[in-house]
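Structure file coords_11.txt (compact mmCIF, N, CA and C atoms) follows.
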# COMPACT_ATOMS: atom_id res chain seq x y z
N MET S 924 90.45 144.00 39.15
CA MET S 924 89.92 142.67 38.86
C MET S 924 89.34 142.66 37.46
N LYS S 925 89.49 141.52 36.82
CA LYS S 925 88.96 141.41 35.46
C LYS S 925 87.96 140.28 35.40
N LYS S 926 87.18 140.29 34.35
CA LYS S 926 86.21 139.23 34.14
C LYS S 926 86.90 138.00 33.59
N LEU S 927 86.35 136.87 33.93
CA LEU S 927 86.82 135.57 33.44
C LEU S 927 86.11 135.32 32.13
N GLU S 928 86.82 135.53 30.99
CA GLU S 928 86.10 135.50 29.73
C GLU S 928 86.84 134.88 28.56
N SER S 929 88.01 134.29 28.78
CA SER S 929 88.75 133.73 27.66
C SER S 929 89.52 132.48 28.07
N ARG S 930 89.99 131.75 27.09
CA ARG S 930 90.85 130.59 27.33
C ARG S 930 92.10 131.02 28.10
N GLU S 931 92.65 132.18 27.76
CA GLU S 931 93.84 132.70 28.45
C GLU S 931 93.53 132.95 29.93
N ASP S 932 92.34 133.45 30.21
CA ASP S 932 91.94 133.66 31.61
C ASP S 932 91.86 132.33 32.35
N ILE S 933 91.30 131.33 31.69
CA ILE S 933 91.21 130.00 32.31
C ILE S 933 92.60 129.44 32.56
N GLU S 934 93.49 129.60 31.61
CA GLU S 934 94.86 129.11 31.80
C GLU S 934 95.51 129.79 33.00
N HIS S 935 95.31 131.09 33.13
CA HIS S 935 95.87 131.81 34.29
C HIS S 935 95.25 131.29 35.59
N LEU S 936 93.94 131.11 35.59
CA LEU S 936 93.24 130.61 36.77
C LEU S 936 93.74 129.22 37.16
N VAL S 937 93.77 128.32 36.20
CA VAL S 937 94.17 126.94 36.47
C VAL S 937 95.63 126.88 36.92
N ASN S 938 96.51 127.60 36.27
CA ASN S 938 97.92 127.62 36.67
C ASN S 938 98.09 128.17 38.08
N SER S 939 97.41 129.25 38.39
CA SER S 939 97.50 129.86 39.72
C SER S 939 96.95 128.91 40.78
N PHE S 940 95.84 128.25 40.45
CA PHE S 940 95.23 127.30 41.37
C PHE S 940 96.17 126.13 41.67
N TYR S 941 96.73 125.53 40.63
CA TYR S 941 97.59 124.38 40.86
C TYR S 941 98.90 124.74 41.53
N THR S 942 99.33 125.97 41.42
CA THR S 942 100.48 126.42 42.21
C THR S 942 100.14 126.33 43.69
N LYS S 943 98.95 126.74 44.04
CA LYS S 943 98.50 126.64 45.44
C LYS S 943 98.36 125.17 45.86
N VAL S 944 97.74 124.38 45.00
CA VAL S 944 97.50 122.97 45.30
C VAL S 944 98.80 122.23 45.59
N THR S 945 99.79 122.42 44.74
CA THR S 945 101.04 121.67 44.91
C THR S 945 101.78 122.05 46.18
N GLN S 946 101.50 123.23 46.71
CA GLN S 946 102.14 123.69 47.94
C GLN S 946 101.32 123.38 49.19
N ASP S 947 100.15 122.81 49.01
CA ASP S 947 99.25 122.58 50.13
C ASP S 947 99.48 121.21 50.77
N GLU S 948 99.58 121.19 52.09
CA GLU S 948 99.85 119.95 52.83
C GLU S 948 98.67 118.99 52.83
N THR S 949 97.45 119.51 52.71
CA THR S 949 96.26 118.67 52.79
C THR S 949 96.02 117.87 51.52
N ILE S 950 96.27 118.47 50.36
CA ILE S 950 95.95 117.77 49.11
C ILE S 950 97.11 117.67 48.11
N GLY S 951 98.16 118.40 48.33
CA GLY S 951 99.27 118.39 47.36
C GLY S 951 99.85 117.01 47.10
N PHE S 952 99.89 116.18 48.13
CA PHE S 952 100.48 114.84 47.99
C PHE S 952 99.70 113.96 47.02
N PHE S 953 98.40 114.21 46.85
CA PHE S 953 97.63 113.43 45.87
C PHE S 953 98.23 113.59 44.47
N PHE S 954 98.67 114.80 44.19
CA PHE S 954 99.19 115.11 42.86
C PHE S 954 100.64 114.69 42.70
N SER S 955 101.45 114.93 43.73
CA SER S 955 102.88 114.66 43.62
C SER S 955 103.24 113.21 43.93
N ASP S 956 102.67 112.64 44.98
CA ASP S 956 103.08 111.33 45.45
C ASP S 956 102.22 110.17 44.95
N ILE S 957 100.93 110.41 44.81
CA ILE S 957 100.03 109.31 44.46
C ILE S 957 99.78 109.27 42.95
N ALA S 958 99.24 110.35 42.41
CA ALA S 958 98.95 110.38 40.96
C ALA S 958 100.21 110.64 40.13
N LYS S 959 101.21 111.24 40.77
CA LYS S 959 102.46 111.59 40.07
C LYS S 959 102.12 112.29 38.74
N VAL S 960 101.41 113.40 38.89
CA VAL S 960 100.85 114.13 37.75
C VAL S 960 101.94 114.63 36.81
N ASP S 961 101.72 114.39 35.53
CA ASP S 961 102.53 114.97 34.47
C ASP S 961 101.85 116.29 34.11
N TRP S 962 102.39 117.38 34.61
CA TRP S 962 101.73 118.68 34.49
C TRP S 962 101.61 119.13 33.04
N ASP S 963 102.52 118.73 32.18
CA ASP S 963 102.43 119.10 30.76
C ASP S 963 101.20 118.47 30.10
N LYS S 964 100.73 117.36 30.63
CA LYS S 964 99.53 116.72 30.10
C LYS S 964 98.28 117.15 30.88
N HIS S 965 98.43 117.27 32.20
CA HIS S 965 97.28 117.55 33.06
C HIS S 965 96.73 118.96 32.87
N LEU S 966 97.60 119.94 32.83
CA LEU S 966 97.13 121.32 32.75
C LEU S 966 96.29 121.60 31.50
N PRO S 967 96.73 121.20 30.30
CA PRO S 967 95.87 121.42 29.13
C PRO S 967 94.50 120.74 29.24
N LYS S 968 94.45 119.58 29.90
CA LYS S 968 93.15 118.93 30.11
C LYS S 968 92.26 119.79 31.01
N MET S 969 92.87 120.37 32.04
CA MET S 969 92.10 121.21 32.96
C MET S 969 91.66 122.51 32.29
N TYR S 970 92.49 123.05 31.41
CA TYR S 970 92.07 124.24 30.65
C TYR S 970 90.81 123.90 29.84
N SER S 971 90.86 122.76 29.15
CA SER S 971 89.73 122.35 28.32
C SER S 971 88.51 122.02 29.16
N PHE S 972 88.72 121.39 30.29
CA PHE S 972 87.61 121.05 31.19
C PHE S 972 86.85 122.31 31.59
N TRP S 973 87.58 123.31 32.08
CA TRP S 973 86.92 124.53 32.55
C TRP S 973 86.41 125.38 31.39
N GLU S 974 87.07 125.33 30.26
CA GLU S 974 86.57 126.03 29.08
C GLU S 974 85.23 125.42 28.66
N SER S 975 85.11 124.11 28.74
CA SER S 975 83.86 123.45 28.41
C SER S 975 82.76 123.82 29.40
N ILE S 976 83.10 123.80 30.67
CA ILE S 976 82.11 124.10 31.70
C ILE S 976 81.64 125.56 31.65
N LEU S 977 82.58 126.47 31.48
CA LEU S 977 82.24 127.90 31.57
C LEU S 977 81.78 128.50 30.25
N PHE S 978 82.34 128.03 29.16
CA PHE S 978 82.05 128.67 27.87
C PHE S 978 81.33 127.75 26.89
N GLY S 979 81.08 126.50 27.28
CA GLY S 979 80.38 125.57 26.41
C GLY S 979 81.16 125.19 25.16
N GLN S 980 82.49 125.28 25.22
CA GLN S 980 83.32 125.00 24.05
C GLN S 980 83.42 123.52 23.71
N MET S 981 83.11 122.67 24.66
CA MET S 981 83.20 121.23 24.48
C MET S 981 84.57 120.79 23.98
N SER S 982 85.59 121.42 24.49
CA SER S 982 86.95 121.06 24.11
C SER S 982 87.51 119.94 24.98
N TYR S 983 86.84 119.64 26.09
CA TYR S 983 87.31 118.59 27.00
C TYR S 983 86.77 117.24 26.56
N LYS S 984 87.67 116.28 26.50
CA LYS S 984 87.30 114.90 26.22
C LYS S 984 87.86 114.05 27.35
N GLY S 985 87.00 113.43 28.10
CA GLY S 985 87.48 112.61 29.20
C GLY S 985 86.38 112.34 30.21
N ASN S 986 86.74 111.58 31.22
CA ASN S 986 85.83 111.22 32.30
C ASN S 986 86.54 111.50 33.62
N PRO S 987 86.33 112.69 34.18
CA PRO S 987 87.07 113.05 35.40
C PRO S 987 86.79 112.10 36.57
N MET S 988 85.58 111.59 36.65
CA MET S 988 85.26 110.69 37.76
C MET S 988 86.11 109.43 37.67
N ALA S 989 86.18 108.84 36.49
CA ALA S 989 86.92 107.59 36.29
C ALA S 989 88.40 107.75 36.64
N VAL S 990 88.96 108.91 36.38
CA VAL S 990 90.38 109.15 36.67
C VAL S 990 90.64 109.16 38.17
N HIS S 991 89.65 109.56 38.95
CA HIS S 991 89.85 109.70 40.40
C HIS S 991 89.66 108.40 41.18
N PHE S 992 88.90 107.45 40.63
CA PHE S 992 88.66 106.20 41.37
C PHE S 992 89.95 105.44 41.70
N PRO S 993 90.89 105.27 40.78
CA PRO S 993 92.13 104.56 41.13
C PRO S 993 92.94 105.27 42.23
N ILE S 994 92.91 106.58 42.22
CA ILE S 994 93.61 107.35 43.27
C ILE S 994 92.94 107.10 44.60
N ASN S 995 91.62 107.11 44.60
CA ASN S 995 90.82 106.87 45.81
C ASN S 995 91.08 105.49 46.40
N GLU S 996 91.41 104.53 45.53
CA GLU S 996 91.73 103.17 46.02
C GLU S 996 93.07 103.15 46.76
N ILE S 997 93.99 103.99 46.33
CA ILE S 997 95.31 104.06 46.97
C ILE S 997 95.25 104.87 48.26
N GLN S 998 94.59 106.01 48.18
CA GLN S 998 94.46 106.91 49.33
C GLN S 998 93.05 107.49 49.30
N ALA S 999 92.31 107.28 50.36
CA ALA S 999 90.92 107.77 50.41
C ALA S 999 90.87 109.27 50.15
N MET S 1000 90.05 109.64 49.19
CA MET S 1000 89.77 111.05 48.91
C MET S 1000 88.51 111.39 49.70
N GLU S 1001 88.69 112.14 50.77
CA GLU S 1001 87.60 112.42 51.71
C GLU S 1001 87.05 113.82 51.53
N LYS S 1002 85.93 114.05 52.20
CA LYS S 1002 85.26 115.35 52.12
C LYS S 1002 86.23 116.48 52.46
N ARG S 1003 87.07 116.29 53.46
CA ARG S 1003 88.01 117.35 53.86
C ARG S 1003 88.99 117.69 52.74
N HIS S 1004 89.32 116.73 51.93
CA HIS S 1004 90.20 116.99 50.79
C HIS S 1004 89.48 117.83 49.74
N PHE S 1005 88.24 117.48 49.49
CA PHE S 1005 87.46 118.27 48.52
C PHE S 1005 87.16 119.67 49.07
N ASP S 1006 86.96 119.77 50.38
CA ASP S 1006 86.75 121.09 50.99
C ASP S 1006 87.99 121.98 50.79
N LYS S 1007 89.16 121.40 50.95
CA LYS S 1007 90.40 122.15 50.74
C LYS S 1007 90.55 122.53 49.28
N TRP S 1008 90.23 121.62 48.37
CA TRP S 1008 90.26 121.90 46.93
C TRP S 1008 89.37 123.10 46.63
N LEU S 1009 88.15 123.08 47.19
CA LEU S 1009 87.21 124.18 46.99
C LEU S 1009 87.73 125.49 47.56
N GLU S 1010 88.29 125.43 48.75
CA GLU S 1010 88.84 126.63 49.38
C GLU S 1010 89.92 127.26 48.50
N LEU S 1011 90.82 126.46 47.98
CA LEU S 1011 91.90 126.98 47.13
C LEU S 1011 91.36 127.49 45.80
N TRP S 1012 90.39 126.80 45.24
CA TRP S 1012 89.79 127.22 43.98
C TRP S 1012 89.09 128.57 44.15
N ARG S 1013 88.26 128.65 45.18
CA ARG S 1013 87.52 129.89 45.46
C ARG S 1013 88.48 131.05 45.69
N LYS S 1014 89.50 130.82 46.49
CA LYS S 1014 90.49 131.86 46.79
C LYS S 1014 91.18 132.33 45.51
N THR S 1015 91.55 131.39 44.66
CA THR S 1015 92.24 131.74 43.42
C THR S 1015 91.33 132.58 42.52
N ILE S 1016 90.09 132.20 42.42
CA ILE S 1016 89.14 132.97 41.61
C ILE S 1016 88.98 134.37 42.19
N GLU S 1017 88.74 134.45 43.48
CA GLU S 1017 88.48 135.75 44.11
C GLU S 1017 89.68 136.68 44.06
N GLU S 1018 90.88 136.13 44.01
CA GLU S 1018 92.09 136.94 43.89
C GLU S 1018 92.29 137.50 42.48
N ASN S 1019 91.68 136.86 41.49
CA ASN S 1019 91.98 137.19 40.10
C ASN S 1019 90.82 137.67 39.25
N PHE S 1020 89.60 137.26 39.58
CA PHE S 1020 88.50 137.50 38.66
C PHE S 1020 87.24 137.95 39.39
N THR S 1021 86.36 138.53 38.60
CA THR S 1021 85.05 138.96 39.08
C THR S 1021 84.03 138.67 37.99
N GLY S 1022 82.77 138.79 38.31
CA GLY S 1022 81.74 138.66 37.30
C GLY S 1022 81.03 137.33 37.29
N GLU S 1023 80.13 137.21 36.32
CA GLU S 1023 79.25 136.05 36.23
C GLU S 1023 80.01 134.73 36.04
N ASN S 1024 80.99 134.71 35.15
CA ASN S 1024 81.73 133.46 34.93
C ASN S 1024 82.56 133.07 36.15
N ALA S 1025 83.08 134.04 36.88
CA ALA S 1025 83.80 133.74 38.11
C ALA S 1025 82.84 133.11 39.13
N ASP S 1026 81.66 133.70 39.25
CA ASP S 1026 80.65 133.14 40.15
C ASP S 1026 80.23 131.74 39.71
N THR S 1027 80.07 131.55 38.41
CA THR S 1027 79.69 130.24 37.87
C THR S 1027 80.79 129.22 38.14
N ALA S 1028 82.04 129.61 38.01
CA ALA S 1028 83.16 128.69 38.27
C ALA S 1028 83.15 128.22 39.72
N ILE S 1029 82.80 129.11 40.63
CA ILE S 1029 82.69 128.72 42.04
C ILE S 1029 81.50 127.79 42.25
N TYR S 1030 80.37 128.17 41.71
CA TYR S 1030 79.15 127.37 41.85
C TYR S 1030 79.34 125.96 41.27
N LYS S 1031 79.87 125.89 40.07
CA LYS S 1031 80.08 124.58 39.42
C LYS S 1031 81.08 123.73 40.21
N SER S 1032 82.13 124.37 40.73
CA SER S 1032 83.13 123.63 41.49
C SER S 1032 82.52 123.03 42.75
N GLU S 1033 81.59 123.75 43.38
CA GLU S 1033 80.93 123.23 44.58
C GLU S 1033 80.12 121.98 44.24
N ASN S 1034 79.42 122.01 43.11
CA ASN S 1034 78.65 120.84 42.68
C ASN S 1034 79.56 119.67 42.34
N ILE S 1035 80.64 119.96 41.64
CA ILE S 1035 81.61 118.91 41.28
C ILE S 1035 82.19 118.27 42.53
N ALA S 1036 82.61 119.10 43.49
CA ALA S 1036 83.23 118.59 44.72
C ALA S 1036 82.25 117.73 45.51
N LYS S 1037 81.01 118.16 45.62
CA LYS S 1037 80.01 117.38 46.37
C LYS S 1037 79.80 116.02 45.71
N LEU S 1038 79.64 116.02 44.40
CA LEU S 1038 79.41 114.77 43.68
C LEU S 1038 80.62 113.84 43.78
N MET S 1039 81.80 114.40 43.59
CA MET S 1039 83.01 113.56 43.64
C MET S 1039 83.23 113.01 45.05
N ALA S 1040 83.05 113.84 46.07
CA ALA S 1040 83.23 113.38 47.45
C ALA S 1040 82.26 112.23 47.75
N PHE S 1041 81.02 112.38 47.32
CA PHE S 1041 80.02 111.33 47.54
C PHE S 1041 80.41 110.04 46.81
N LYS S 1042 80.77 110.16 45.54
CA LYS S 1042 81.12 108.97 44.75
C LYS S 1042 82.38 108.29 45.28
N MET S 1043 83.35 109.06 45.73
CA MET S 1043 84.57 108.46 46.29
C MET S 1043 84.25 107.73 47.60
N GLU S 1044 83.38 108.32 48.40
CA GLU S 1044 82.98 107.66 49.66
C GLU S 1044 82.23 106.37 49.36
N MET S 1045 81.31 106.41 48.43
CA MET S 1045 80.53 105.21 48.06
C MET S 1045 81.46 104.11 47.51
N ALA S 1046 82.47 104.49 46.78
CA ALA S 1046 83.40 103.51 46.20
C ALA S 1046 84.20 102.79 47.28
N ARG S 1047 84.37 103.42 48.43
CA ARG S 1047 85.14 102.81 49.52
C ARG S 1047 84.30 101.90 50.40
N LYS S 1048 82.98 101.95 50.26
CA LYS S 1048 82.12 101.12 51.10
C LYS S 1048 82.04 99.71 50.52
N PRO S 1049 82.01 98.73 51.42
CA PRO S 1049 81.93 97.33 50.95
C PRO S 1049 80.59 97.01 50.32
Same coordinates, now as structure tokens:
Amino acid sequence: MKKLESREDIEHLVNSFYTKVTQDETIGFFFSDIAKVDWDKHLPKMYSFWESILFGQMSYKGNPMAVHFPINEIQAMEKRHFDKWLELWRKTIEENFTGENADTAIYKSENIAKLMAFKMEMARKP
């Protein structure tokens, strides 16, 4: 196991994670059928997002919450979906990395998932 310490490590993590996501029955359809993700555009954004979160590089420009609201309007993004996202993220990290940044990536993802699940639920209430 190696430490999570570079942009290249983040790229490996994100690529490995999204390989799992696209094959998953619980959440894969959000990416393929609803958002119809352009992976050539999405993956570099995710590299920058996690590089900003883990290394303070501030390379990410965007509003992840705003991107998810339109998807939530088409198909409810529920707690169980975020739980599956977390499970796959945690598994991918644990299979590939160790150390403080790996632990931080798990911790931060838990906070992100809780906040997003709450905001998506609130957006669906009348």
**Prompt:** Hey, what's within 9 Å of segment 1039-1046 of chain S if we count only C-alpha atoms and toss same-chain stuff fewer than 4 positions away? As a ChimeraX atom specification, please?
**Reply:** /S:988,991-992,995-996,999-1005,1034-1035
**Request:** Write out as a list in words all residues of chain S that backbone DSSP assigns to strand (DSSP E or B).
**Result:**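 Selection result, strand (DSSP E or B) within chain S: Lys925, Lys926, Phe1020 and Thr1021 of chain S.
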**Asked** Counting all atoms listed in the file, which of S:Trp962, S:Arg930, S:Leu1009, S:Met981 gets nearest to Ala1036 of chain S?
**Response**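 The closest residue to Ala1036 of chain S is S:Leu1009.
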Enclose the full set of atoms of segment 926-945 of chain S listed in the file within a box whose edges lie along x, y and z, apply 3 Å of padding to each of the six sides, and report centre and edge lengths in Å to one decimal as AutoDock Vina command-line options.
--center_x 93.9 --center_y 131.0 --center_z 36.6 --size_x 21.7 --size_y 24.6 --size_z 25.1
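Here atom CA of His935 of chain S stands at a distance of 24.4 Å from atom CA of Asp956 of chain S.
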**Asked** Nearest to Val944 of chain S: which of S:Lys925, S:Lys1031, S:Phe1020, S:Trp1012 is it, counting only N, CA and C atoms?
**Response**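 Smallest distance to Val944 of chain S is found for S:Trp1012.
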**Request:** Identify the residues within 12 Å of coordinate (83.3, 134.0, 35.6) (same frame as the file), considering only C-alpha atoms, and give the answer as a ChimeraX atom specification.
**Result:** /S:924-930,932-933,936,973-974,976-978,1013,1016-1017,1019-1032
**Prompt:** Nearest to Met969 of chain S among S:Thr942, S:Ile950, S:Glu934, S:Ile994, with distances taken over all atoms listed in the file: which residue is it?
**Reply:**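 Checking each candidate against Met969 of chain S, we get S:Glu934 as the closest.
Remark: for Ser939 of chain S, the closest of the candidate residues S:Leu1038, S:Gln998, S:Thr1015, S:Pro1049 is S:Thr1015 (distances computed over only N, CA and C atoms).
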**Request:** Could you please determine the separation between atom CA of Leu1011 of chain S and atom CA of Lys984 of chain S in Å, to one decimal place?
**Result:** 24.6 Å
**Request:** Would you return as a ChimeraX atom specification the members of segment 935-1026 of chain S that DSSP assigns to alpha helix (DSSP H) on this structure's backbone?
**Result:** /S:935-946,951-952,962-978,987-997,1002-1019,1023-1026
**Asked** What is the atom CA of Val937 of chain S to atom CA of Ser975 of chain S distance in Å?
**Response**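 So the two atoms, atom CA of Val937 of chain S and atom CA of Ser975 of chain S, lie 13.5 Å apart.
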